[in-house]
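Report on the structure given below.
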Amino acid sequence: LVERIIETLKGLCRPPVDSEPPKIVEALYFPENPEYNEEVEVIAYVIDEESGVANVTLSYCAGSSLSCNVSMQGSDGLFRANIPGQPYNTTVSFRIYAWDHAGNLACSPLYSYVVGDFTPPVIPYIERVPPQPSYNETALICVSIFEPANASGVERVVLSYNNGSGWVNRTMNLQGNVYCAEIPAFPFGTQVEYVVYACDKASNYAATHVYEYTVDDRFLPVVNINSPKDGEFISGALTISLYIYDDNLSYGKLTVNGQVLVLFNRSGTYSYAWNTVDVPDRSYIVRVDAFDEANNHGWAECQVTVDNTPPTVEILQPKDGSYVRGLVPIEVSVQDANVDEVKLYVGGETHVWRGIGEFSILWDTTQVEDGLCEVKVEAFDEAGNNAEALIEVLVDNRPPSIYNLTWNPKQPLVGEPVNVSVQILEEKSGLEKAVLWFRTELTEWQALSMTYEDGNWICTIPGQQNETTVIFYVECCDKAGNSASTELQMYTVKAAAAQAFPLGWLLAIILACAAAGSIAVYLYRYRRKAGKGMLALIK
């Protein structure tokens, strides 16, 4: 027994030599087909019956990178370590190294795996622009595709659409952060279905559900009234010119104050003759409405004023056929509901007014030649109606000419009247009157109207008393108001002088006496004869 104790103590002081390495019974890793960014857990079962397991190390290499050593932790022979997640398609290889306390090393075979991608892309966002495509618009489909950083990545995105004639595929192109493709324009009312497929480089694919829309018509019909213009004044027959357009036009209509004049069923330019003579003068709304198959409503309207009544124009002064001279006031009157312009033409000049009422100018007739002259007034209203007034006046700015003033006797006697004669020339308006004015030193001026006789204007100044001095002149006026007068003339009345009895007068007296005697004899004889006859008759 003592010997045996001694041997045991010797063994404790001098451990026995361990020449056998640890035994790596089994090595496992989970998952066997890891995805990107997925850790792989490596489990090793290592035993050593002699000195015991001192250290277990996992050595791995990802792709072409350098090897990385990780100490595996464990107990009771089971040791664990993790290999971090790696990008898609990375080949990872690893070995397990085990040491015992005696320094013996064991190495496992080389294990490897390839990182996979088994998750399809995610389509978190899809948009259609415009949301409700019209018949003449393409539909832009935009989607965003999500793939994690270490995943395989997007290989292709496809837009598949069907308009009732079969499915058509279009590859979507990356624009910024989204993939886009267009669905072409289709006719109004077309039912369109579409779906988007996204495929990654690991052949995983994702698909949206089927979207659909009906091709709309969100554009209003184009409507324009070319004529008349808004606010225009019209008269007579009016041509309404209009234009309507829509690819899906249903119908259009032209109305005036709500009354339908004509209907249209095709796009284009139209003209309609509206006879305004048959309607009252007032404002009207001309309107064009157009409706398409989608019941979109386009319209245009304008307000016009019908005016078929011409202005009322009158020349108040001067009167037609009157004689004028010097500065002449011209007065005109214009009345109209929608007058635009008033024009006065006289003497080669034009005067323009706007508005209604009475207008006047002062016309200098000395700037035109004497003779007939037209005075014309025209008035125009907003609708193009016009009216005019026309008169003729005789311009006469030249006074009459007085010549050959004579009187007889030159030296009148007491109580003897004086005959005055004068010639007057008036070529334009004609002579209105001629007056002889006379006075004496004892009387005021007196007027005597002269009369026309054998080319002369004559009158008689009454006889005056002895030694009376008579002053006189002749004044005349034409029908235009021009006047002329002679210079002052004068004569003095004288008493008759004593003189021999004229022989002529004596001969006349003798002849008169002889004639009287003859008549007396004749009457005497006639009476006697008549008396005898009467006596015989009585008997």
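Ordering of the structure tokens sets the chain letters (A, B, ...); residue numbers start at 1 within each chain; ligands are numbered from 1 in the order shown.
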
Can you tell me which residues surround A:Ala54 at a distance of at most 9 Å, considering only C-alpha atoms, apart from same-chain residues fewer than 5 positions away, and format the answer as a PyMOL selection string?
chain A and resi 98-103

Give me, as a list of chain:residue names, all polymer residues having an atom no more than 12 Å from A:Gln446, counting only C-alpha atoms and skipping those fewer than 5 positions away in the same chain.
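The neighbour list is A:Val435, A:Leu436, A:Trp437, A:Phe438, A:Arg439, A:Thr440, A:Ile461, A:Pro462, A:Val470, A:Ile471, A:Phe472, A:Tyr473, A:Val474.
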
Just list the residues in stretch 172-354 of chain A DSSP gives strand (DSSP E or B) on the backbone, as JSON, numbers by chain.
{"A": [173, 174, 175, 178, 179, 180, 181, 182, 183, 191, 192, 193, 194, 195, 196, 197, 198, 199, 200, 205, 206, 207, 211, 212, 213, 214, 216, 222, 223, 224, 225, 226, 227, 233, 234, 237, 238, 239, 240, 241, 242, 243, 244, 245, 249, 250, 251, 252, 253, 254, 255, 256, 259, 260, 261, 262, 263, 264, 268, 269, 270, 271, 272, 273, 274, 275, 283, 284, 285, 286, 287, 288, 289, 290, 291, 292, 297, 298, 299, 300, 301, 302, 303, 304, 305, 306, 312, 313, 314, 315, 316, 317, 323, 324, 327, 328, 329, 330, 331, 332, 333, 334, 335, 339, 340, 341, 342, 343, 344, 345, 346, 349, 350, 351, 352, 353]}

All residues 9 Å or closer to stretch 79-92 of chain A, only C-alpha atoms, same chain fewer than 6 positions away omitted, as a ChimeraX atom specification:
/A:29,34-46,56-58,60-64,70-73,111-117,149-153,202

If you run DSSP over the backbone, which residues in stretch 324-509 of chain A end up alpha helix (DSSP H)? Put them as a ChimeraX atom specification.
/A:503-509

Kindly save the residues from that selection, with all heavy atoms included, as a JSON list (two decimals), in the first residue's frame.
[["chain", "number", "residue", "atom", "x", "y", "z"],
["A", 503, "LEU", "N", -94.32, 184.16, -124.29],
["A", 503, "LEU", "CA", -95.09, 184.18, -125.54],
["A", 503, "LEU", "C", -95.84, 182.88, -125.73],
["A", 503, "LEU", "O", -96.98, 182.87, -126.20],
["A", 503, "LEU", "CB", -94.15, 184.42, -126.74],
["A", 503, "LEU", "CG", -94.81, 184.54, -128.11],
["A", 503, "LEU", "CD1", -95.80, 185.73, -128.11],
["A", 503, "LEU", "CD2", -93.78, 184.74, -129.22],
["A", 504, "GLY", "N", -95.30, 181.87, -125.37],
["A", 504, "GLY", "CA", -95.96, 180.57, -125.50],
["A", 504, "GLY", "C", -97.22, 180.52, -124.68],
["A", 504, "GLY", "O", -98.24, 179.99, -125.11],
["A", 505, "TRP", "N", -97.07, 181.02, -123.46],
["A", 505, "TRP", "CA", -98.25, 181.03, -122.60],
["A", 505, "TRP", "C", -99.34, 181.91, -123.21],
["A", 505, "TRP", "O", -100.52, 181.58, -123.15],
["A", 505, "TRP", "CB", -97.87, 181.57, -121.22],
["A", 505, "TRP", "CG", -97.11, 180.53, -120.40],
["A", 505, "TRP", "CD1", -96.35, 179.56, -120.85],
["A", 505, "TRP", "CD2", -97.08, 180.51, -119.00],
["A", 505, "TRP", "NE1", -95.81, 178.83, -119.86],
["A", 505, "TRP", "CE2", -96.24, 179.41, -118.65],
["A", 505, "TRP", "CE3", -97.65, 181.27, -117.95],
["A", 505, "TRP", "CZ2", -95.97, 179.06, -117.35],
["A", 505, "TRP", "CZ3", -97.38, 180.92, -116.66],
["A", 505, "TRP", "CH2", -96.53, 179.81, -116.35],
["A", 506, "LEU", "N", -99.00, 183.10, -123.80],
["A", 506, "LEU", "CA", -99.99, 184.00, -124.42],
["A", 506, "LEU", "C", -100.69, 183.33, -125.57],
["A", 506, "LEU", "O", -101.93, 183.41, -125.71],
["A", 506, "LEU", "CB", -99.29, 185.28, -124.92],
["A", 506, "LEU", "CG", -100.18, 186.34, -125.58],
["A", 506, "LEU", "CD1", -101.28, 186.80, -124.60],
["A", 506, "LEU", "CD2", -99.36, 187.55, -126.05],
["A", 507, "LEU", "N", -99.93, 182.66, -126.43],
["A", 507, "LEU", "CA", -100.53, 181.93, -127.55],
["A", 507, "LEU", "C", -101.48, 180.86, -127.05],
["A", 507, "LEU", "O", -102.58, 180.67, -127.60],
["A", 507, "LEU", "CB", -99.42, 181.30, -128.40],
["A", 507, "LEU", "CG", -99.89, 180.52, -129.64],
["A", 507, "LEU", "CD1", -100.70, 181.45, -130.58],
["A", 507, "LEU", "CD2", -98.69, 179.95, -130.41],
["A", 508, "ALA", "N", -101.14, 180.23, -126.00],
["A", 508, "ALA", "CA", -102.00, 179.19, -125.46],
["A", 508, "ALA", "C", -103.29, 179.78, -124.94],
["A", 508, "ALA", "O", -104.37, 179.22, -125.10],
["A", 508, "ALA", "CB", -101.25, 178.44, -124.34],
["A", 509, "ILE", "N", -103.19, 180.97, -124.29],
["A", 509, "ILE", "CA", -104.40, 181.61, -123.75],
["A", 509, "ILE", "C", -105.32, 182.00, -124.89],
["A", 509, "ILE", "O", -106.54, 181.84, -124.81],
["A", 509, "ILE", "CB", -104.01, 182.84, -122.90],
["A", 509, "ILE", "CG1", -103.27, 182.37, -121.60],
["A", 509, "ILE", "CG2", -105.23, 183.68, -122.56],
["A", 509, "ILE", "CD1", -102.69, 183.50, -120.81]]

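Compared by their closest atoms to A:Ser165, and using only C-alpha atoms, the residues A:Cys476, A:Leu238, A:Val192, A:Met490 rank with A:Val192 nearest.
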
Applying 9 Å and only C-alpha atoms, which residues near A:Arg218 remain after dropping the ones on its own chain fewer than 6 positions away? List them as number ranges by chain.
A: 132-135, 294, 296

All heavy atoms of the current selection, written as an mmCIF file, in the first residue's frame:
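out22.cif was written with the following content:
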data_model
loop_
_atom_site.group_PDB
_atom_site.id
_atom_site.type_symbol
_atom_site.label_atom_id
_atom_site.label_comp_id
_atom_site.auth_asym_id
_atom_site.auth_seq_id
_atom_site.Cartn_x
_atom_site.Cartn_y
_atom_site.Cartn_z
ATOM 1 N N GLN A 132 -56.427 59.807 -63.807
ATOM 2 C CA GLN A 132 -57.505 59.380 -64.698
ATOM 3 C C GLN A 132 -57.152 59.836 -66.108
ATOM 4 O O GLN A 132 -57.525 60.907 -66.539
ATOM 5 C CB GLN A 132 -58.844 59.993 -64.255
ATOM 6 C CG GLN A 132 -60.061 59.403 -64.961
ATOM 7 C CD GLN A 132 -60.231 57.927 -64.640
ATOM 8 O OE1 GLN A 132 -60.106 57.495 -63.502
ATOM 9 N NE2 GLN A 132 -60.507 57.141 -65.653
ATOM 10 N N PRO A 133 -56.398 59.012 -66.857
ATOM 11 C CA PRO A 133 -55.931 59.444 -68.180
ATOM 12 C C PRO A 133 -57.086 59.734 -69.126
ATOM 13 O O PRO A 133 -58.126 59.072 -69.113
ATOM 14 C CB PRO A 133 -55.105 58.246 -68.668
ATOM 15 C CG PRO A 133 -54.754 57.497 -67.427
ATOM 16 C CD PRO A 133 -55.902 57.685 -66.496
ATOM 17 N N SER A 134 -56.849 60.741 -69.931
ATOM 18 C CA SER A 134 -57.832 61.107 -70.946
ATOM 19 C C SER A 134 -57.510 60.362 -72.232
ATOM 20 O O SER A 134 -56.463 59.699 -72.367
ATOM 21 C CB SER A 134 -57.821 62.612 -71.170
ATOM 22 O OG SER A 134 -58.876 63.007 -72.014
ATOM 23 N N TYR A 135 -58.443 60.492 -73.197
ATOM 24 C CA TYR A 135 -58.319 59.737 -74.449
ATOM 25 C C TYR A 135 -57.074 60.118 -75.251
ATOM 26 O O TYR A 135 -56.581 59.330 -76.039
ATOM 27 C CB TYR A 135 -59.557 59.958 -75.316
ATOM 28 C CG TYR A 135 -59.725 61.389 -75.756
ATOM 29 C CD1 TYR A 135 -59.201 61.851 -76.953
ATOM 30 C CD2 TYR A 135 -60.391 62.292 -74.941
ATOM 31 C CE1 TYR A 135 -59.345 63.164 -77.317
ATOM 32 C CE2 TYR A 135 -60.544 63.603 -75.318
ATOM 33 C CZ TYR A 135 -60.032 64.049 -76.513
ATOM 34 O OH TYR A 135 -60.177 65.348 -76.882
ATOM 35 N N ALA A 294 -68.376 62.556 -72.715
ATOM 36 C CA ALA A 294 -68.168 62.413 -71.275
ATOM 37 C C ALA A 294 -68.966 63.449 -70.499
ATOM 38 O O ALA A 294 -68.783 63.597 -69.291
ATOM 39 C CB ALA A 294 -66.682 62.551 -70.941
ATOM 40 N N ASN A 296 -68.687 66.590 -70.638
ATOM 41 C CA ASN A 296 -67.980 67.828 -70.356
ATOM 42 C C ASN A 296 -68.680 68.953 -71.113
ATOM 43 O O ASN A 296 -69.114 68.780 -72.250
ATOM 44 C CB ASN A 296 -66.521 67.732 -70.793
ATOM 45 C CG ASN A 296 -65.751 66.735 -69.968
ATOM 46 O OD1 ASN A 296 -65.779 66.766 -68.743
ATOM 47 N ND2 ASN A 296 -65.057 65.820 -70.634
#

Mind checking which residues fall within 12 Å of A:Val493, counting only C-alpha atoms, ignoring those fewer than 4 positions away in the same chain, and posting them as JSON, numbers by chain?
{"A": [409, 410, 411, 412, 413, 414, 415, 416, 417, 418, 440, 461, 462, 463, 464, 465, 466, 467, 468, 469, 470, 471]}

Which neighbours of stretch 119-130 of chain A fall inside 10 Å, counting only C-alpha atoms, when residues of the same chain fewer than 2 positions from it are skipped, and could you give them as an MDAnalysis selection string?
chainID A and resid 35:36 116:117 132:134 137:148 151:155 178:180 182:183 196:208 211 213

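The two atoms in question, atom CA of A:Thr239 and atom CA of A:Asn275, are spaced 8.6 Å apart.
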
Nearest to A:Val393, restricted to only C-alpha atoms and choosing among A:Ala434, A:Leu66, A:Val346, A:Val157, comes out as A:Val346

Proximity check stretch 419-503 of chain A to stretch 355-378 of chain A, 12 Å, nearest pairs one decimal Å, only C-alpha atoms, as CSV:
residue,atom,partner,partner_atom,distance
A:Glu427,CA,A:Gly371,CA,9.9
A:Lys428,CA,A:Gly371,CA,6.9
A:Ser429,CA,A:Gly371,CA,8.5
A:Gly430,CA,A:Gly371,CA,11.9
A:Ala480,CA,A:Asp370,CA,10.9

Which one is closest to A:Ser483: A:Ser421, A:Thr406, A:Pro400, A:Ala27? Count only C-alpha atoms.
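Closest to A:Ser483 of all the choices is A:Pro400.
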
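Between atom CA of A:Gly231 and atom CA of A:Thr305 lies a distance of 7.1 Å.
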